[in-house]
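Peer 1: Pasting a structure here, questions to come.
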Amino acid sequence: MDQMTASDWEQVRAIYLEGVREGNSTFETEAPSWEAWDESHLEHPRLVMRVRDKVFGWAALSPVSKRSVYSGVAEVTIYVTASARGKGIGRALLEQLIEESEQAGIWTLQASIFPENVASIELHLKCGFREVGKRERIAKLKGVWRDTILFERRSKAIS
């Protein structure tokens with residue numbers, strides 16, 4: 001596991017676009033530029049699971065608010081390339097992301113997941129997240145209203 005760098009962006013972007021095409025990972029319909037992505041995510045942690053020079057998955061955090069009182073609350077983004085799913089990469093990334101987020105002073109992680117993305121829901125539950133609630137018809141994806149389930153994980157190390 002490595003820290004993500006700008007030089008990883010093309011592979012990270014390609015994995016992200018797989019999720020976009022599958023339709024159950026994000027409301028986005030295209031990938032942002034590196035500059036836009038970089039600006040919208042916390043500087044640390046940003047992780048990639050790499051074997052030699054190939055990235056198989058990535059995880060990062062974005063702030064939920066610019067208000068200082070929410071500085072310890074972040075949203076999780078995690079993607080694994082289709083050919084590498086079911087091999088523990090997602091779990092390894094999420095566990096490392098949790099550990100590094102606590103070291104960075106993050107006390108709450110949240111994830112907004114489509115109900116159809118069963119694998120992501122199961123992964124988050126196994127890593128200590130709990131379901132907070134369902135947000136019905138929260139936004140449209142390609143003209144269709146979609147629900148999301150909100151999960152959170154409160155740090156036991158930061159009180």
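Ligands are numbered from 1 in the order shown, residues from 1 within each chain, and chains are lettered A, B, ... in the order they appear in the structure tokens.
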Quick one: residues within 9 Å of Ala104 of chain A, only C-alpha atoms counted, chain neighbours fewer than 2 positions away excluded, as a ChimeraX atom specification?

Peer 2: /A:44-45,72,99-102,106

Peer 1: Please produce a file of the residues just selected, as a short mmCIF file (atom, residue, chain, number, x, y, z; two decimals), in the first residue's frame, where the atoms kept are C-alpha atoms.

Peer 2:
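File again07.cif, as written:
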```cif
data_model
loop_
_atom_site.label_atom_id
_atom_site.label_comp_id
_atom_site.auth_asym_id
_atom_site.auth_seq_id
_atom_site.Cartn_x
_atom_site.Cartn_y
_atom_site.Cartn_z
CA HIS A 44 -3.88 12.86 3.63
CA PRO A 45 -4.68 10.01 3.59
CA GLY A 72 -12.75 15.92 12.01
CA GLU A 99 -5.99 4.05 10.76
CA GLU A 100 -4.45 7.00 8.95
CA SER A 101 -7.59 9.11 9.32
CA GLU A 102 -7.42 8.69 13.10
CA ILE A 106 -10.54 12.53 11.96
#
```

Peer 1: Name all residues at most 10 Å from Leu47 of chain A (count only C-alpha atoms; drop same-chain ones fewer than 6 positions away) and give them as a list in words.

Peer 2: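 Result of the neighbour search: Met1, Asp2, Gln3, Met4, Thr5, Gly57, Trp58, Ala59, Ala60, Leu61, Ile78, Leu93, Leu94, Gln96, Leu97 and Glu100 of chain A.
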
Peer 1: Distance atom CA of Phe27 of chain A-atom CA of Lys142 of chain A, one decimal place?

Peer 2: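 Spanning atom CA of Phe27 of chain A to atom CA of Lys142 of chain A is a straight-line distance of 8.5 Å.
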
Peer 1: List as CSV every residue of segment 64-116 of chain A that is in contact with segment 9-26 of chain A, defined as an atom at most 7 Å from one of its atoms (using only C-alpha atoms), together with the nearest atom pair and the distance in Å rounded to one decimal, sorted by chain and then rising number.

Peer 2:
```
residue,atom,partner,partner_atom,distance
A:Tyr79,CA,A:Tyr16,CA,6.5
A:Val80,CA,A:Ile15,CA,6.7
A:Thr81,CA,A:Ile15,CA,5.3
A:Phe114,CA,A:Asn24,CA,6.0
A:Glu116,CA,A:Asn24,CA,6.5
```

Peer 1: Write down as a count of residues only the residues of chain A whose backbone DSSP state falls under strand (DSSP E).

Peer 2: 55

Peer 1: Could you check the closest approach to Thr148 of chain A for each of A:Pro115, A:Gly128, A:Ile121, A:Thr77 and tell me which residue wins, using only C-alpha atoms?

Peer 2: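 The answer is A:Pro115, which sits nearest to Thr148 of chain A.
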
Peer 1: Which one of A:Phe56, A:Gln110, A:Arg137, A:Glu152 sits closest to Ala84 of chain A if you count only C-alpha atoms?

Peer 2: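 Among the listed residues, A:Phe56 lies closest to Ala84 of chain A.
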
Peer 1: Just list the residues in chain A DSSP gives alpha helix (DSSP H) on the backbone, as a PyMOL selection string.

Peer 2: chain A and resi 9-22+34-40+89-103+118-126

Peer 1: For a test of reading the model, state the distance in Å between atom CA of Phe129 of chain A and atom CA of Pro32 of chain A, rounded to one decimal.

Peer 2: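 Computed distance, atom CA of Phe129 of chain A to atom CA of Pro32 of chain A, equals 27.6 Å.
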